[in-house]
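Colleague: Dropping in input_31.cif, which is mmCIF, C-alpha atoms and all ligand atoms:
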data_input
#
loop_
_atom_site.label_atom_id
_atom_site.label_comp_id
_atom_site.auth_asym_id
_atom_site.auth_seq_id
_atom_site.Cartn_x
_atom_site.Cartn_y
_atom_site.Cartn_z
CA MET D 43 -162.48 -70.43 -43.48
CA GLY D 44 -162.55 -66.70 -42.89
CA CYS D 45 -160.14 -63.89 -42.58
CA ALA D 46 -160.18 -61.87 -39.39
CA ARG D 47 -160.51 -58.12 -39.39
CA PRO D 48 -157.34 -56.56 -37.95
CA ILE D 49 -158.12 -54.39 -34.91
CA ASP D 50 -156.51 -51.01 -35.56
CA GLY D 51 -154.87 -50.10 -32.24
CA LYS D 52 -152.96 -47.28 -33.88
CA ALA D 53 -156.14 -45.49 -34.89
CA ALA D 54 -157.82 -46.14 -31.53
CA ALA D 55 -154.75 -44.82 -29.71
CA ALA D 56 -154.57 -41.71 -31.91
CA ALA D 57 -158.24 -40.95 -31.18
CA LEU D 58 -157.70 -41.42 -27.43
CA ARG D 59 -154.57 -39.25 -27.45
CA GLU D 60 -156.53 -36.51 -29.19
CA ARG D 61 -159.17 -36.62 -26.44
CA VAL D 62 -156.44 -36.64 -23.77
CA ALA D 63 -154.76 -33.59 -25.34
CA GLU D 64 -158.07 -31.68 -25.33
CA ALA D 65 -158.80 -32.68 -21.72
CA SER D 66 -155.24 -31.76 -20.80
CA ARG D 67 -155.77 -28.20 -22.14
CA GLU D 68 -159.04 -27.99 -20.19
CA PHE D 69 -157.22 -29.17 -17.03
CA SER D 70 -154.54 -26.51 -17.51
CA ARG D 71 -157.21 -23.80 -17.76
CA LYS D 72 -158.81 -24.95 -14.48
CA ALA D 73 -155.73 -25.89 -12.44
CA LEU D 74 -153.44 -23.17 -13.85
CA ARG D 75 -150.76 -25.76 -14.50
CA LYS D 76 -150.16 -28.64 -16.89
CA PRO D 77 -150.53 -32.29 -15.85
CA GLY D 78 -147.07 -33.62 -14.95
CA LEU D 79 -145.67 -37.05 -15.81
CA HIS D 80 -142.20 -38.20 -14.77
CA VAL D 81 -140.54 -41.35 -16.05
CA VAL D 82 -137.56 -43.01 -14.40
CA LEU D 83 -135.25 -45.20 -16.48
CA VAL D 84 -132.40 -47.05 -14.78
CA GLY D 85 -129.68 -48.57 -16.94
CA ASP D 86 -129.47 -49.05 -20.67
CA ASP D 87 -131.79 -51.88 -21.65
CA PRO D 88 -132.29 -51.10 -25.37
CA ALA D 89 -136.00 -52.01 -25.51
CA SER D 90 -136.72 -49.91 -22.39
CA ALA D 91 -134.86 -46.96 -23.93
CA VAL D 92 -137.12 -47.16 -27.01
CA TYR D 93 -140.32 -47.39 -24.90
CA VAL D 94 -139.28 -44.52 -22.65
CA GLY D 95 -138.34 -42.34 -25.64
CA ALA D 96 -141.83 -42.91 -27.05
CA LYS D 97 -143.42 -41.98 -23.69
CA GLU D 98 -141.36 -38.79 -23.53
CA LYS D 99 -142.49 -37.69 -27.00
CA ALA D 100 -146.12 -38.56 -26.28
CA LEU D 101 -146.35 -36.64 -23.01
CA HIS D 102 -145.20 -33.37 -24.56
CA LYS D 103 -147.50 -33.84 -27.56
CA ALA D 104 -150.41 -34.30 -25.14
CA GLY D 105 -149.75 -30.89 -23.57
CA MET D 106 -148.24 -32.32 -20.41
CA GLU D 107 -145.16 -31.35 -18.51
CA GLY D 108 -142.55 -33.78 -17.33
CA ALA D 109 -139.19 -35.35 -17.80
CA VAL D 110 -137.35 -38.61 -18.14
CA HIS D 111 -134.85 -39.23 -15.35
CA ARG D 112 -132.12 -41.41 -16.86
CA LEU D 113 -130.00 -43.04 -14.16
CA PRO D 114 -126.90 -45.22 -14.59
CA ALA D 115 -127.22 -49.02 -14.33
CA ASP D 116 -125.27 -49.08 -11.05
CA THR D 117 -127.61 -46.62 -9.28
CA SER D 118 -128.03 -47.63 -5.64
CA GLU D 119 -131.40 -48.49 -4.13
CA ALA D 120 -131.08 -45.50 -1.78
CA ASP D 121 -130.55 -43.10 -4.71
CA LEU D 122 -133.49 -44.52 -6.66
CA LEU D 123 -135.80 -44.43 -3.63
CA GLY D 124 -134.55 -40.89 -2.97
CA LEU D 125 -135.61 -39.77 -6.45
CA VAL D 126 -139.02 -41.46 -6.09
CA GLY D 127 -139.44 -39.71 -2.73
CA LYS D 128 -138.65 -36.33 -4.30
CA LEU D 129 -141.20 -36.92 -7.08
CA ASN D 130 -143.78 -38.07 -4.49
CA ALA D 131 -143.33 -34.78 -2.63
CA ASP D 132 -143.34 -32.52 -5.71
CA PRO D 133 -146.81 -30.94 -6.14
CA ALA D 134 -146.23 -30.45 -9.90
CA VAL D 135 -145.87 -34.21 -10.41
CA ASP D 136 -149.12 -36.15 -11.04
CA GLY D 137 -147.71 -39.36 -12.46
CA ILE D 138 -144.57 -41.39 -11.72
CA LEU D 139 -143.51 -44.35 -13.83
CA VAL D 140 -140.43 -46.43 -13.10
CA GLN D 141 -139.64 -48.38 -16.26
CA LEU D 142 -139.25 -52.14 -15.78
CA PRO D 143 -137.23 -54.30 -15.77
CA LEU D 144 -134.85 -52.76 -13.24
CA PRO D 145 -131.22 -53.95 -13.01
CA ALA D 146 -130.98 -57.15 -10.94
CA HIS D 147 -129.53 -55.51 -7.79
CA LEU D 148 -132.67 -53.38 -7.33
CA ASP D 149 -135.79 -54.74 -5.60
CA GLU D 150 -138.64 -54.03 -8.03
CA ALA D 151 -141.48 -54.61 -5.57
CA LYS D 152 -139.88 -52.31 -3.00
CA VAL D 153 -139.36 -49.54 -5.55
CA LEU D 154 -142.91 -49.81 -6.94
CA ASP D 155 -144.43 -49.74 -3.46
CA THR D 156 -142.50 -46.57 -2.61
CA ILE D 157 -144.42 -44.65 -5.30
CA ASP D 158 -147.34 -42.62 -3.91
CA PRO D 159 -150.41 -44.70 -4.97
CA ALA D 160 -152.14 -41.46 -6.06
CA LYS D 161 -149.29 -40.90 -8.56
CA ASP D 162 -148.89 -44.55 -9.58
CA VAL D 163 -149.93 -44.17 -13.24
CA ASP D 164 -148.69 -47.70 -13.97
CA GLY D 165 -151.19 -49.10 -11.46
CA PHE D 166 -148.52 -51.46 -10.09
CA HIS D 167 -148.63 -50.41 -6.41
CA VAL D 168 -150.27 -53.00 -4.13
CA VAL D 169 -152.86 -50.41 -3.12
CA ASN D 170 -153.99 -49.96 -6.72
CA ALA D 171 -153.80 -53.71 -7.43
CA GLY D 172 -155.91 -54.31 -4.30
CA LYS D 173 -158.46 -51.65 -5.22
CA LEU D 174 -158.83 -53.20 -8.68
CA ALA D 175 -159.29 -56.64 -7.10
CA VAL D 176 -162.11 -55.47 -4.79
CA GLY D 177 -163.78 -53.33 -7.46
CA LYS D 178 -162.84 -49.88 -6.16
CA GLU D 179 -161.83 -46.92 -8.31
CA ALA D 180 -158.09 -47.37 -9.01
CA LEU D 181 -155.28 -46.42 -11.34
CA VAL D 182 -155.27 -49.44 -13.65
CA PRO D 183 -152.23 -50.89 -15.50
CA CYS D 184 -152.04 -49.33 -18.96
CA THR D 185 -151.69 -52.38 -21.20
CA PRO D 186 -154.72 -54.32 -19.91
CA ALA D 187 -156.73 -51.08 -19.74
CA GLY D 188 -155.91 -50.53 -23.42
CA CYS D 189 -156.93 -54.12 -24.26
CA ILE D 190 -160.32 -53.63 -22.58
CA ARG D 191 -160.93 -50.46 -24.58
CA LEU D 192 -160.19 -52.29 -27.83
CA LEU D 193 -162.41 -55.20 -26.78
CA LYS D 194 -165.33 -52.98 -25.87
CA GLU D 195 -165.06 -51.11 -29.16
CA GLU D 196 -164.99 -54.45 -30.94
CA ARG D 197 -167.61 -56.46 -29.01
CA GLY D 198 -169.64 -53.88 -27.10
CA ASP D 199 -171.00 -55.64 -24.01
CA LEU D 200 -168.60 -58.35 -22.80
CA SER D 201 -171.12 -59.75 -20.33
CA GLY D 202 -171.23 -63.55 -20.22
CA LEU D 203 -168.52 -64.07 -22.81
CA HIS D 204 -165.81 -66.59 -21.98
CA ALA D 205 -162.42 -64.87 -21.84
CA VAL D 206 -159.24 -66.93 -21.62
CA VAL D 207 -156.18 -64.97 -20.52
CA ILE D 208 -152.89 -66.77 -21.17
CA GLY D 209 -150.35 -65.27 -18.77
CA ARG D 210 -150.50 -64.37 -15.09
CA SER D 211 -148.08 -61.46 -14.73
CA ASN D 212 -148.83 -58.55 -12.39
CA ILE D 213 -148.37 -56.18 -15.35
CA VAL D 214 -150.85 -57.78 -17.75
CA GLY D 215 -152.39 -61.19 -16.98
CA LYS D 216 -153.77 -60.62 -13.48
CA PRO D 217 -155.12 -57.08 -14.00
CA MET D 218 -156.53 -58.15 -17.40
CA ALA D 219 -158.48 -60.93 -15.68
CA GLN D 220 -159.79 -58.47 -13.05
CA LEU D 221 -160.91 -55.98 -15.71
CA LEU D 222 -162.67 -58.68 -17.72
CA LEU D 223 -164.44 -59.85 -14.55
CA ALA D 224 -165.52 -56.28 -13.89
CA GLU D 225 -167.09 -56.36 -17.38
CA ASN D 226 -169.01 -59.50 -16.37
CA ALA D 227 -167.03 -61.86 -18.59
CA THR D 228 -166.43 -65.43 -17.45
CA VAL D 229 -162.67 -65.55 -16.99
CA THR D 230 -160.13 -68.36 -17.14
CA ILE D 231 -156.50 -67.56 -16.36
CA ALA D 232 -154.13 -69.98 -18.02
CA HIS D 233 -150.34 -70.12 -17.81
CA SER D 234 -147.24 -72.21 -18.49
CA ARG D 235 -148.36 -75.01 -16.14
CA THR D 236 -151.91 -75.21 -17.46
CA ARG D 237 -152.85 -78.64 -18.77
CA ASN D 238 -154.64 -78.95 -22.12
CA LEU D 239 -153.97 -75.30 -22.94
CA PRO D 240 -155.01 -75.58 -26.63
CA GLU D 241 -158.37 -77.12 -25.64
CA ILE D 242 -159.02 -74.42 -23.07
CA ALA D 243 -158.03 -71.68 -25.51
CA ARG D 244 -160.47 -73.15 -28.06
CA THR D 245 -163.38 -72.43 -25.68
CA ALA D 246 -162.61 -68.69 -25.61
CA ASP D 247 -164.86 -66.05 -27.15
CA ILE D 248 -162.08 -63.64 -26.18
CA LEU D 249 -158.52 -64.95 -26.23
CA VAL D 250 -155.82 -62.77 -24.68
CA ALA D 251 -152.19 -63.86 -25.12
CA ALA D 252 -149.67 -62.26 -22.76
CA VAL D 253 -146.88 -64.78 -22.30
CA GLY D 254 -143.91 -63.32 -24.17
CA ARG D 255 -143.36 -66.41 -26.33
CA PRO D 256 -143.20 -65.76 -30.06
CA GLU D 257 -146.16 -67.21 -32.01
CA MET D 258 -147.05 -69.71 -29.28
CA VAL D 259 -150.79 -69.55 -29.89
CA LYS D 260 -151.52 -71.56 -33.04
CA GLY D 261 -154.43 -71.31 -35.42
CA ASP D 262 -156.09 -74.46 -34.07
CA TRP D 263 -156.17 -72.94 -30.55
CA VAL D 264 -158.65 -70.34 -31.77
CA LYS D 265 -162.42 -70.78 -31.78
CA GLU D 266 -164.25 -69.80 -34.98
CA GLY D 267 -165.39 -66.19 -34.60
CA ALA D 268 -163.28 -65.39 -31.51
CA THR D 269 -161.71 -62.01 -30.77
CA VAL D 270 -157.96 -62.39 -30.29
CA ILE D 271 -155.88 -59.85 -28.36
CA ASP D 272 -152.14 -60.33 -28.78
CA VAL D 273 -150.13 -58.52 -26.09
CA GLY D 274 -146.77 -60.05 -27.05
CA ILE D 275 -143.97 -58.06 -28.65
CA ASN D 276 -141.14 -60.46 -29.49
CA ARG D 277 -138.21 -59.90 -31.77
CA LEU D 278 -137.23 -63.00 -33.76
CA PRO D 279 -133.53 -63.71 -34.34
CA PRO D 280 -132.28 -61.76 -37.39
CA PRO D 281 -132.15 -63.75 -40.65
CA GLU D 282 -128.57 -62.56 -41.24
CA GLU D 283 -125.91 -60.74 -39.29
CA GLY D 284 -126.44 -56.98 -39.09
CA ALA D 285 -130.15 -57.29 -39.97
CA LYS D 286 -133.00 -56.69 -37.54
CA GLY D 287 -135.22 -59.61 -36.51
CA LYS D 288 -138.92 -59.42 -37.30
CA LEU D 289 -141.35 -58.30 -34.56
CA VAL D 290 -144.01 -60.89 -33.83
CA GLY D 291 -146.66 -61.37 -31.16
CA ASP D 292 -147.52 -64.34 -28.96
CA VAL D 293 -150.03 -65.45 -31.61
CA ALA D 294 -149.24 -67.03 -34.99
CA TYR D 295 -151.12 -64.24 -36.75
CA GLY D 296 -151.72 -65.75 -40.19
CA GLU D 297 -153.13 -69.03 -38.82
CA ALA D 298 -155.16 -67.38 -36.09
CA ALA D 299 -156.65 -64.88 -38.55
CA GLU D 300 -158.17 -67.80 -40.49
CA LYS D 301 -160.35 -68.63 -37.47
CA ALA D 302 -160.86 -65.40 -35.53
CA ALA D 303 -163.41 -62.72 -36.38
CA ALA D 304 -161.03 -59.99 -35.26
CA ILE D 305 -157.42 -59.91 -34.10
CA THR D 306 -154.86 -57.33 -33.02
CA PRO D 307 -151.76 -57.21 -35.26
CA VAL D 308 -148.18 -56.84 -33.97
CA PRO D 309 -147.06 -54.13 -34.33
CA GLY D 310 -150.00 -51.71 -34.47
CA GLY D 311 -152.44 -53.45 -32.14
CA VAL D 312 -152.15 -53.35 -28.36
CA GLY D 313 -148.77 -51.54 -28.27
CA PRO D 314 -149.91 -48.03 -29.24
CA MET D 315 -152.81 -48.21 -26.75
CA THR D 316 -150.42 -48.62 -23.80
CA ILE D 317 -148.93 -45.13 -24.12
CA ALA D 318 -152.32 -43.55 -24.77
CA MET D 319 -153.64 -45.15 -21.55
CA LEU D 320 -150.58 -43.91 -19.64
CA LEU D 321 -151.49 -40.36 -20.67
CA ALA D 322 -155.12 -40.99 -19.73
CA ASN D 323 -154.05 -42.30 -16.29
CA THR D 324 -151.87 -39.23 -15.76
CA LEU D 325 -154.83 -37.00 -16.51
CA THR D 326 -157.04 -38.99 -14.15
CA ALA D 327 -154.42 -38.71 -11.39
CA ALA D 328 -154.03 -34.96 -12.02
CA HIS D 329 -157.77 -34.37 -11.69
CA ALA D 330 -158.01 -36.44 -8.52
CA ARG D 331 -155.09 -34.56 -6.97
CA GLU D 332 -156.76 -31.22 -7.75
CA GLY D 333 -160.17 -32.38 -6.52
CA LEU D 334 -161.59 -32.04 -10.05
CA GLU D 335 -164.12 -34.34 -11.73
CA PRO D 336 -162.17 -36.71 -14.03
CA PRO D 337 -162.90 -36.27 -17.77
CA LYS D 338 -164.77 -38.95 -19.76
CA LEU D 339 -162.17 -40.15 -22.25
N1 LIG A 401 -142.00 -52.57 -18.93
C1 LIG A 401 -142.78 -53.21 -19.84
N2 LIG A 401 -144.04 -52.75 -19.77
C2 LIG A 401 -144.06 -51.81 -18.81
C3 LIG A 401 -145.08 -50.96 -18.29
O1 LIG A 401 -146.24 -50.99 -18.69
N3 LIG A 401 -144.69 -50.12 -17.31
C4 LIG A 401 -143.41 -50.07 -16.84
N4 LIG A 401 -143.14 -49.23 -15.86
N5 LIG A 401 -142.45 -50.84 -17.30
C5 LIG A 401 -142.78 -51.70 -18.29
#
What is this file in structure tokens?
Modeller:
Amino acid sequence: MGCARPIDGKAAAAALRERVAEASREFSRKALRKPGLHVVLVGDDPASAVYVGAKEKALHKAGMEGAVHRLPADTSEADLLGLVGKLNADPAVDGILVQLPLPAHLDEAKVLDTIDPAKDVDGFHVVNAGKLAVGKEALVPCTPAGCIRLLKEERGDLSGLHAVVIGRSNIVGKPMAQLLLAENATVTIAHSRTRNLPEIARTADILVAAVGRPEMVKGDWVKEGATVIDVGINRLPPPEEGAKGKLVGDVAYGEAAEKAAAITPVPGGVGPMTIAMLLANTLTAAHAREGLEPPKL
């Protein structure tokens, strides 16, 4: 019985943000302008408002220019596509992020595919998803890119390791599997219909949980010595009225930590890396748009 080392995503993200800020200053000296990141938030989903506020703070701290465009929940598709079109055409804009989920009357896929792929710092456009799938240089979704960075810092070479990814979303599960494949891991994608999920999870050297179900992955799903990456951020019901529910991941942390060698906590694991990778993607996009060599971050 061991006790896993917590993987400090906060520290890794702070270090990356520092490098991004330096590279951002260097970019501004060469391009005579700051990198520009624009975020679009439609409606008033409380979690989205918190995430977008954090992105807004981070972009200014990284020496970037940009704004959050806050639109009412009843914004029409034409108005939203109009704004995306304006940002596509604006030469000062390097990165465009439309916060998800969108209100139900808006077609997410249509909106995402209207973003210029060269400015798609979320990596959600089919062109970027396709490039990632065939192994071409692409803008890569921020959360899985952050997970890979943490994994490589933790394990070094991932070659030949068995990675089990639980979750098949376009935002995390699928791109995570592609990135692990690109690192020469052997990859299994599991999901809600997978049979014998605990047995499959137990074969993983690297176990990635991205399902959005609080504490679903139990201690006995984890192989001795595995590295566990918990992408989930779930708020439990509050213990009493007026209180705030506890934040937990998709992994039962205490149990899993008895088996794993290393594990990301929630909060403070994967979460902080997502914003740092968004800034890194914006910088990459800015360099590409100016015909400059991208910085090594
Ligand atoms: N909603 C939850 N995660 C994300 C993300 O990474 N990007 C965007 N645009 N919306 C999200």
Colleague: Nearest to Gly127 of chain D: which of D:Lys173, D:Lys161, D:His204, D:Lys338 is it, counting all atoms listed in the file?
Modeller: D:Lys161
Colleague: Would you mind reading off the distance between atom CA of Lys178 of chain D and atom CA of Leu200 of chain D, one decimal, in Å?
Modeller: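 Atom CA of Lys178 of chain D sits 19.5 Å away from atom CA of Leu200 of chain D.
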Colleague: For the atom pair atom CA of Cys189 of chain D and atom CA of Tyr93 of chain D, what is the interatomic distance in Å to one decimal place?
Modeller: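 According to the coordinates, atom CA of Cys189 of chain D and atom CA of Tyr93 of chain D are separated by 17.9 Å.
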Colleague: Write out as an mmCIF file with C-alpha atoms, in the frame of the given file each polymer residue (protein, DNA or RNA) that has an atom no more than 8 Å from ligand LIG 401 (chain A), with only C-alpha atoms and all ligand atoms counted.
Modeller:
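Once everything was written out, this is out-v2.cif:
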data_model
loop_
_atom_site.group_PDB
_atom_site.id
_atom_site.type_symbol
_atom_site.label_atom_id
_atom_site.label_comp_id
_atom_site.auth_asym_id
_atom_site.auth_seq_id
_atom_site.Cartn_x
_atom_site.Cartn_y
_atom_site.Cartn_z
ATOM 1 C CA SER D 90 -136.720 -49.910 -22.390
ATOM 2 C CA LEU D 139 -143.510 -44.350 -13.830
ATOM 3 C CA VAL D 140 -140.430 -46.430 -13.100
ATOM 4 C CA GLN D 141 -139.640 -48.380 -16.260
ATOM 5 C CA LEU D 142 -139.250 -52.140 -15.780
ATOM 6 C CA PRO D 143 -137.230 -54.300 -15.770
ATOM 7 C CA ASP D 164 -148.690 -47.700 -13.970
ATOM 8 C CA PRO D 183 -152.230 -50.890 -15.500
ATOM 9 C CA CYS D 184 -152.040 -49.330 -18.960
ATOM 10 C CA THR D 185 -151.690 -52.380 -21.200
ATOM 11 C CA ILE D 213 -148.370 -56.180 -15.350
ATOM 12 C CA THR D 316 -150.420 -48.620 -23.800
#
Colleague: Counting all atoms listed in the file, which residue out of D:Asp149, D:Arg61, D:Ala100, D:Arg191 sits closest to Met315 of chain D?
Modeller: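 Comparing D:Asp149, D:Arg61, D:Ala100, D:Arg191 against Met315 of chain D, the winner is D:Arg191.
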Colleague: Each residue of segment 136-245 of chain D lying at most 12 Å from segment 116-122 of chain D should get a row with its shortest atom-to-atom pair and the distance in Å to one decimal, counting all atoms listed in the file; could you produce that, ordered by chain and increasing number, as a Markdown table?
Modeller:
| residue | atom | partner | partner_atom | distance |
| --- | --- | --- | --- | --- |
| D:Val140 | CA | D:Leu122 | CA | 9.7 |
| D:Leu144 | CA | D:Thr117 | CA | 10.3 |
| D:Pro145 | CA | D:Asp116 | CA | 7.9 |
| D:Ala146 | CA | D:Asp116 | CA | 9.9 |
| D:His147 | CA | D:Glu119 | CA | 8.1 |
| D:Leu148 | CA | D:Glu119 | CA | 6.0 |
| D:Asp149 | CA | D:Glu119 | CA | 7.8 |
| D:Glu150 | CA | D:Glu119 | CA | 9.9 |
| D:Ala151 | CA | D:Glu119 | CA | 11.9 |
| D:Lys152 | CA | D:Glu119 | CA | 9.4 |
| D:Val153 | CA | D:Leu122 | CA | 7.8 |
| D:Leu154 | CA | D:Leu122 | CA | 10.8 |
| D:Thr156 | CA | D:Leu122 | CA | 10.1 |
| D:Ile157 | CA | D:Leu122 | CA | 11.0 |
Colleague: Return the single residue from D:Val264, D:Val168, D:Ala243, D:Ala91 that is closest to Ala298 of chain D, with distances computed using only C-alpha atoms.
Modeller: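 Looking at the shortest contact to Ala298 of chain D, the residue is D:Val264.
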Colleague: Measuring between only C-alpha atoms, which one of D:Met319, D:Ala232, D:Leu203, D:Ala54 shows the shortest distance to Gly215 of chain D?
Modeller: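 The answer is D:Ala232, which sits nearest to Gly215 of chain D.
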Colleague: Could you pull the residues within 12 Å of Thr228 of chain D, counting all atoms listed in the file, minus those fewer than 3 positions along the same chain, as a list in words?
Modeller: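 Those residues are Leu200, Ser201, Gly202, Leu203, His204, Ala205, Val206, Val207, Ala219, Gln220, Leu221, Leu222, Leu223, Ala224, Glu225, Ile231, Thr245, Ala246, Asp247, Ile248 and Leu249 of chain D.
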Colleague: From the list D:Ala109, D:Val214, D:Leu321, D:Leu278, which residue is nearest Ala63 of chain D when using all atoms listed in the file?
Modeller: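 Closest to Ala63 of chain D of all the choices is D:Leu321.
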Colleague: What does the distance between atom CA of Leu174 of chain D and atom CA of Pro159 of chain D come to in Å, to one decimal place?
Modeller: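 Separation between atom CA of Leu174 of chain D and atom CA of Pro159 of chain D: 12.5 Å.
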Colleague: Counting all atoms listed in the file, figure out which residue out of D:Val176, D:Asn170, D:Gly44, D:Lys265 gets nearest to Ala299 of chain D.
Modeller: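 Among D:Val176, D:Asn170, D:Gly44, D:Lys265, it is D:Gly44 that comes nearest to Ala299 of chain D.
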Colleague: Find the residues near segment 307-312 of chain D: any atom within 8 Å, counting all atoms listed in the file, skip ones fewer than 6 places away on the same chain, and give them as a ChimeraX atom specification.
Modeller: /D:48-52,185,188-189,271-275,289-291,295
Colleague: Which residues are near His329 of chain D? Cut-off 10 Å, only C-alpha atoms, ignore same chain within fewer than 2 positions. Put them as an MDAnalysis selection string.
Modeller: chainID D and resid 66 69 72:73 77 136 323:327 331:337
Colleague: So which residues fall inside 12 Å of (-146.5, -31.6, -6.1) if we count all atoms listed in the file? Mind giving them as a list in words?
Modeller: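 So the residues meeting the distance criterion are Arg75, Lys76, Pro77, Gly78, Leu79, His80, Gly127, Lys128, Leu129, Asn130, Ala131, Asp132, Pro133, Ala134, Val135, Asp136, Gly137, Ile138, Asp158, Ala160, Lys161, Ala327, Ala328, Arg331 and Glu332 of chain D.
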Colleague: How would the residues just chosen look if you wrote them out with C-alpha atoms as a short mmCIF file (atom, residue, chain, number, x, y, z; two decimals), in the coordinates of the input?
Modeller:
data_model
loop_
_atom_site.label_atom_id
_atom_site.label_comp_id
_atom_site.auth_asym_id
_atom_site.auth_seq_id
_atom_site.Cartn_x
_atom_site.Cartn_y
_atom_site.Cartn_z
CA ARG D 75 -150.76 -25.76 -14.50
CA LYS D 76 -150.16 -28.64 -16.89
CA PRO D 77 -150.53 -32.29 -15.85
CA GLY D 78 -147.07 -33.62 -14.95
CA LEU D 79 -145.67 -37.05 -15.81
CA HIS D 80 -142.20 -38.20 -14.77
CA GLY D 127 -139.44 -39.71 -2.73
CA LYS D 128 -138.65 -36.33 -4.30
CA LEU D 129 -141.20 -36.92 -7.08
CA ASN D 130 -143.78 -38.07 -4.49
CA ALA D 131 -143.33 -34.78 -2.63
CA ASP D 132 -143.34 -32.52 -5.71
CA PRO D 133 -146.81 -30.94 -6.14
CA ALA D 134 -146.23 -30.45 -9.90
CA VAL D 135 -145.87 -34.21 -10.41
CA ASP D 136 -149.12 -36.15 -11.04
CA GLY D 137 -147.71 -39.36 -12.46
CA ILE D 138 -144.57 -41.39 -11.72
CA ASP D 158 -147.34 -42.62 -3.91
CA ALA D 160 -152.14 -41.46 -6.06
CA LYS D 161 -149.29 -40.90 -8.56
CA ALA D 327 -154.42 -38.71 -11.39
CA ALA D 328 -154.03 -34.96 -12.02
CA ARG D 331 -155.09 -34.56 -6.97
CA GLU D 332 -156.76 -31.22 -7.75
#
Colleague: For Ala294 of chain D, work out the shell of residues within 8 Å, counting all atoms listed in the file and skipping chain neighbours fewer than 2 positions away, then give it as a ChimeraX atom specification.
Modeller: /D:256-261,291-292,296-298
Colleague: Might you pull out every residue within 7 Å of Pro186 of chain D, with all atoms listed in the file counted and same-chain residues fewer than 4 positions away left off, and present them as a list in words?
Modeller: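 Everything that qualifies: Ile190, Val214, Pro217 and Met218 of chain D.
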